[in-house]
Every structure is written in structure tokens, then in C-alpha cells.
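Read the structure below first, then the notes.
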Amino acid sequence: MPTQPDGRPDWDQYFMEIATLVAKRSTCLRRAVGAVIVKDKRILATGYNGAPSGIRHCAEVGCLRETMQVASGQRHELCRGIHAEQNAIIQAAYHGVPIQGANLYCTNLPCSICTKMLINAGIKKIYYRSGYADELSKELIEEAEIELIKVR
């Protein structure tokens with residue numbers, strides 16, 4: 001873990017560790033993902049993947065994608081859950097928190113649907129730990145000139 005001379009984690013590691021903690025709230029049976037939106041070293045919103053508020057979780061009713069044998073990175077609409085990045089954007093909007101010009105820390109590289117939302121929300125940098133099987137996402141990030149940074 002990158003640290004500062006005083007032994008504390010650097011900012012990127014700090015926010016990525018928070019995203020990792022947020023992911024522990026996930027109710028997805030296939031992949032736990034956490035997202036943190038940050039601006040000026042301040043957390044604006046967090047999100048994890050799972051069913052919408054008031055809707056039964058996949059842990060209760062099973063995973064539609066598993067049942068249908070949908071490959072990772074495909075047919076995102078065939079899921080009860082909302083992605084972590086989407087939930088973070090929704091949380092910010094719900095509470096009236098502007099996120100234009102902010103950065104996203106996410107345990108996984110966003111899918112193409114989330115990437116399109118992040119582009120329109122004005123996210124400037126995406127920090128991620130693990131990849132994701134969605135090549136269109138990388139193309140959109142590059143075309144939108146969003147800086148993409150892998151954090152170990």
C-alpha cells in the first residue's frame with residue numbers, strides 16, 4: 001500500500017479502501033462493488049451494487065443473470081440490481097450534491113452504461129482496482145478524455 005512518509009495511506013489508497021468497505025454492503029451474489037465520489041479530498045457520495053430500496057435482494061430471490069447464464073459484462077439490463085456507480089450518482093442527486101468535476105473511486109472499472117452516466121455527470125477521473133469485461137467502457141472513457149488510473 002502506498003504510504004506517505006508518516007506511514008499514513010496516500011489519498012488514492014485511502015479513498016479506494018473506503019470504496020472497498022462500501023462494497024461490503026453489496027447484496028449482489030456475483031460481484032460486490034463499491035464506489036465513492038470525491039472532490040477536493042471530500043467524499044460527496046457512496047454507492048454499492050444491489051436491488052433498489054424496498055425491493056427484495058438477489059440473496060432472497062436468486063440471481064436472474066445466473067439462472068439465464070448471462071456472461072459478465074453483457075446484458076446489464078437483466079439484473080434486479082443497480083450498479084455501485086449508479087447508486088453513488090443517485091445518492092448525490094437525491095441529496096442535491098453537485099458532482100461535476102469530481103473523481104470516482106470504484107473497486108471495479110465501470111461498465112459502459114455506468115461510464116456513459118459518469119461522462120454526463122462530469123466525472124473527471126476514474127480510479128479503479130480491478131478490470132471489467134466491457135471493452136466499450138474503455139473506449140468511451142478514452143474518447144471522453146477521462147483520466148483512468150488503476151490503484152493497487
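By order in the C-alpha cells, chains are A, B, ...; within a chain, residues start at 1; ligands start at 1, following the order shown.
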With DSSP run on the backbone, what are the helix (DSSP H, G or I) residues within chain A? I'd like them as a PyMOL selection string. chain A and resi 11-23+58-61+64-68+84-94+112-121+135-143
So that I can see what lies close to stretch 132-136 of chain A, please list as a list in words the residues with an atom at most 10 Å from it, counting only C-alpha atoms and leaving out residues fewer than 2 positions away in the same chain.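 Here the qualifying residues turn out to be Ala71, Ser72, Gly73, Gln74, Asn108, Leu109, Pro110, Cys111, Ser112, Ile113, Thr115, Ser130, Lys138, Glu139, Leu140, Ile141 and Glu142 of chain A.
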Between stretch 51-108 of chain A and stretch 24-30 of chain A, at 7 Å or less, what are the per-residue closest atom pairs and their distances in Å? Count only C-alpha atoms, order by chain and rising residue number, and return it as CSV.
```
residue,atom,partner,partner_atom,distance
A:His57,CA,A:Thr27,CA,6.2
A:Cys58,CA,A:Cys28,CA,6.2
A:Ala59,CA,A:Leu29,CA,6.6
A:Cys63,CA,A:Leu29,CA,6.8
```
Could you please take those selected residues and save N, CA and C atoms as a PDB file, in the first residue's frame?
```
ATOM      1  N   HIS A  57     -33.734  -8.423  -2.343  1.00  0.00           N
ATOM      2  CA  HIS A  57     -32.369  -8.608  -2.838  1.00  0.00           C
ATOM      3  C   HIS A  57     -32.196  -9.965  -3.506  1.00  0.00           C
ATOM      4  N   CYS A  58     -31.184 -10.068  -4.318  1.00  0.00           N
ATOM      5  CA  CYS A  58     -30.889 -11.329  -5.007  1.00  0.00           C
ATOM      6  C   CYS A  58     -30.625 -12.457  -4.010  1.00  0.00           C
ATOM      7  N   ALA A  59     -30.070 -12.122  -2.854  1.00  0.00           N
ATOM      8  CA  ALA A  59     -29.836 -13.138  -1.822  1.00  0.00           C
ATOM      9  C   ALA A  59     -31.156 -13.784  -1.394  1.00  0.00           C
ATOM     10  N   CYS A  63     -30.344 -15.042  -8.340  1.00  0.00           N
ATOM     11  CA  CYS A  63     -29.743 -14.184  -9.368  1.00  0.00           C
ATOM     12  C   CYS A  63     -30.295 -14.553 -10.745  1.00  0.00           C
TER      13      CYS A  63
END
```
As a VMD selection string, please: every residue in stretch 15-46 of chain A that a backbone DSSP assignment puts in strand (DSSP E). chain A and resid 34 to 39 42 to 46
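Among the candidates A:Arg152, A:Arg129, A:Arg80, A:Lys116, the residue lying nearest to A:Arg65 is A:Arg80 (atoms considered: only C-alpha atoms).
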Neighbour list for A:Val36 as a list in words, cut-off 8 Å, only C-alpha atoms, skip fewer than 6 positions in-chain: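 My reading of the contact set: Phe15, Met16, Ile18, Ala19, Ile43, Leu44, Ala45, Thr46, Gly47, Glu85, Ala88, Leu104, Tyr105 and Cys106 of chain A.
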File dump, residues just selected, all heavy atoms, as a JSON list (two decimals), in the first residue's frame:
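Listing of out.json after writing:
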```
[["chain", "number", "residue", "atom", "x", "y", "z"],
["A", 15, "PHE", "N", -9.10, 6.56, -0.32],
["A", 15, "PHE", "CA", -10.44, 6.53, -0.91],
["A", 15, "PHE", "C", -10.77, 5.16, -1.51],
["A", 15, "PHE", "O", -11.91, 4.73, -1.47],
["A", 15, "PHE", "CB", -10.61, 7.65, -1.93],
["A", 15, "PHE", "CG", -10.64, 9.01, -1.30],
["A", 15, "PHE", "CD1", -9.73, 9.99, -1.68],
["A", 15, "PHE", "CD2", -11.58, 9.34, -0.33],
["A", 15, "PHE", "CE1", -9.75, 11.25, -1.09],
["A", 15, "PHE", "CE2", -11.61, 10.59, 0.27],
["A", 15, "PHE", "CZ", -10.68, 11.55, -0.12],
["A", 16, "MET", "N", -9.76, 4.46, -2.04],
["A", 16, "MET", "CA", -10.01, 3.12, -2.57],
["A", 16, "MET", "C", -10.36, 2.15, -1.45],
["A", 16, "MET", "O", -11.22, 1.28, -1.61],
["A", 16, "MET", "CB", -8.81, 2.61, -3.37],
["A", 16, "MET", "CG", -9.09, 1.33, -4.11],
["A", 16, "MET", "SD", -10.50, 1.40, -5.26],
["A", 16, "MET", "CE", -9.80, 2.39, -6.57],
["A", 18, "ILE", "N", -11.91, 2.96, 1.24],
["A", 18, "ILE", "CA", -13.30, 3.29, 1.60],
["A", 18, "ILE", "C", -14.25, 2.64, 0.60],
["A", 18, "ILE", "O", -15.28, 2.07, 0.98],
["A", 18, "ILE", "CB", -13.51, 4.81, 1.70],
["A", 18, "ILE", "CG1", -12.72, 5.36, 2.90],
["A", 18, "ILE", "CG2", -14.99, 5.16, 1.83],
["A", 18, "ILE", "CD1", -12.66, 6.87, 3.00],
["A", 19, "ALA", "N", -13.91, 2.69, -0.69],
["A", 19, "ALA", "CA", -14.75, 2.03, -1.71],
["A", 19, "ALA", "C", -14.83, 0.53, -1.44],
["A", 19, "ALA", "O", -15.89, -0.08, -1.60],
["A", 19, "ALA", "CB", -14.19, 2.29, -3.11],
["A", 43, "ILE", "N", -15.52, 13.36, 0.49],
["A", 43, "ILE", "CA", -16.46, 12.38, -0.03],
["A", 43, "ILE", "C", -17.81, 13.06, -0.24],
["A", 43, "ILE", "O", -18.37, 13.65, 0.68],
["A", 43, "ILE", "CB", -16.60, 11.18, 0.93],
["A", 43, "ILE", "CG1", -15.27, 10.44, 1.02],
["A", 43, "ILE", "CG2", -17.72, 10.24, 0.46],
["A", 43, "ILE", "CD1", -15.24, 9.36, 2.09],
["A", 44, "LEU", "N", -18.32, 12.97, -1.48],
["A", 44, "LEU", "CA", -19.61, 13.56, -1.82],
["A", 44, "LEU", "C", -20.74, 12.53, -1.77],
["A", 44, "LEU", "O", -21.86, 12.86, -1.40],
["A", 44, "LEU", "CB", -19.55, 14.19, -3.21],
["A", 44, "LEU", "CG", -18.48, 15.26, -3.43],
["A", 44, "LEU", "CD1", -18.53, 15.75, -4.87],
["A", 44, "LEU", "CD2", -18.65, 16.40, -2.45],
["A", 45, "ALA", "N", -20.44, 11.29, -2.17],
["A", 45, "ALA", "CA", -21.47, 10.25, -2.22],
["A", 45, "ALA", "C", -20.79, 8.89, -2.30],
["A", 45, "ALA", "O", -19.65, 8.78, -2.75],
["A", 45, "ALA", "CB", -22.39, 10.45, -3.41],
["A", 46, "THR", "N", -21.51, 7.87, -1.86],
["A", 46, "THR", "CA", -21.04, 6.49, -1.98],
["A", 46, "THR", "C", -22.15, 5.64, -2.58],
["A", 46, "THR", "O", -23.32, 6.04, -2.58],
["A", 46, "THR", "CB", -20.65, 5.90, -0.61],
["A", 46, "THR", "OG1", -21.82, 5.81, 0.22],
["A", 46, "THR", "CG2", -19.59, 6.73, 0.08],
["A", 47, "GLY", "N", -21.79, 4.49, -3.08],
["A", 47, "GLY", "CA", -22.78, 3.57, -3.61],
["A", 47, "GLY", "C", -22.23, 2.16, -3.68],
["A", 47, "GLY", "O", -21.03, 1.96, -3.80],
["A", 85, "GLU", "N", -21.79, 2.57, -9.08],
["A", 85, "GLU", "CA", -21.59, 3.91, -9.63],
["A", 85, "GLU", "C", -22.93, 4.62, -9.81],
["A", 85, "GLU", "O", -23.05, 5.82, -9.53],
["A", 85, "GLU", "CB", -20.88, 3.82, -10.99],
["A", 85, "GLU", "CG", -19.57, 3.05, -10.96],
["A", 85, "GLU", "CD", -19.72, 1.56, -11.27],
["A", 85, "GLU", "OE1", -20.74, 0.94, -10.89],
["A", 85, "GLU", "OE2", -18.79, 1.02, -11.89],
["A", 88, "ALA", "N", -24.19, 5.74, -6.45],
["A", 88, "ALA", "CA", -23.47, 6.92, -5.96],
["A", 88, "ALA", "C", -23.99, 8.19, -6.64],
["A", 88, "ALA", "O", -24.21, 9.22, -5.99],
["A", 88, "ALA", "CB", -21.96, 6.76, -6.18],
["A", 104, "LEU", "N", -14.10, 9.56, -9.31],
["A", 104, "LEU", "CA", -14.74, 8.34, -8.85],
["A", 104, "LEU", "C", -13.68, 7.34, -8.43],
["A", 104, "LEU", "O", -12.72, 7.10, -9.18],
["A", 104, "LEU", "CB", -15.59, 7.72, -9.96],
["A", 104, "LEU", "CG", -16.21, 6.37, -9.59],
["A", 104, "LEU", "CD1", -17.44, 6.56, -8.71],
["A", 104, "LEU", "CD2", -16.55, 5.57, -10.83],
["A", 105, "TYR", "N", -13.84, 6.77, -7.26],
["A", 105, "TYR", "CA", -13.04, 5.64, -6.81],
["A", 105, "TYR", "C", -13.98, 4.45, -6.80],
["A", 105, "TYR", "O", -15.02, 4.49, -6.15],
["A", 105, "TYR", "CB", -12.47, 5.88, -5.40],
["A", 105, "TYR", "CG", -11.39, 6.91, -5.39],
["A", 105, "TYR", "CD1", -11.70, 8.27, -5.39],
["A", 105, "TYR", "CD2", -10.05, 6.54, -5.41],
["A", 105, "TYR", "CE1", -10.70, 9.23, -5.40],
["A", 105, "TYR", "CE2", -9.04, 7.50, -5.43],
["A", 105, "TYR", "CZ", -9.38, 8.84, -5.42],
["A", 105, "TYR", "OH", -8.39, 9.78, -5.43],
["A", 106, "CYS", "N", -13.63, 3.40, -7.54],
["A", 106, "CYS", "CA", -14.52, 2.25, -7.67],
["A", 106, "CYS", "C", -13.69, 0.98, -7.61],
["A", 106, "CYS", "O", -12.60, 0.92, -8.19],
["A", 106, "CYS", "CB", -15.28, 2.34, -8.99],
["A", 106, "CYS", "SG", -16.66, 1.20, -9.07]]
```
Do you know which residues are at most 7 Å from stretch 81-83 of chain A counting only C-alpha atoms, after dropping those on the same chain fewer than 3 positions away, and could you put them as an NGL selection string? :A and (48-52 or 86-87)
What separation in Å, quoted to one decimal, exists between atom CA of A:His76 and atom CA of A:Ser137?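 Computing it gives 12.8 Å between the two atoms.
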One residue among A:Thr107, A:Ala23, A:Val38, A:Lys124 is nearest to A:Lys150 when using only C-alpha atoms, and that residue is A:Thr107
Which residue, A:Ser53, A:Thr20, A:Asn120, A:Gln4, has the smallest gap to A:Val151 when you use only C-alpha atoms?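 When distances to A:Val151 are compared using only C-alpha atoms, the smallest one comes from A:Thr20.
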Please measure the separation of atom CA of A:Ala121 and atom CA of A:Pro98, giving the value in Å to one decimal. 8.9 Å
Give me, please, the distance in Å between atom CA of A:Tyr128 and atom CA of A:Ile146, quoted to one decimal.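 According to the coordinates, atom CA of A:Tyr128 and atom CA of A:Ile146 are separated by 12.8 Å.
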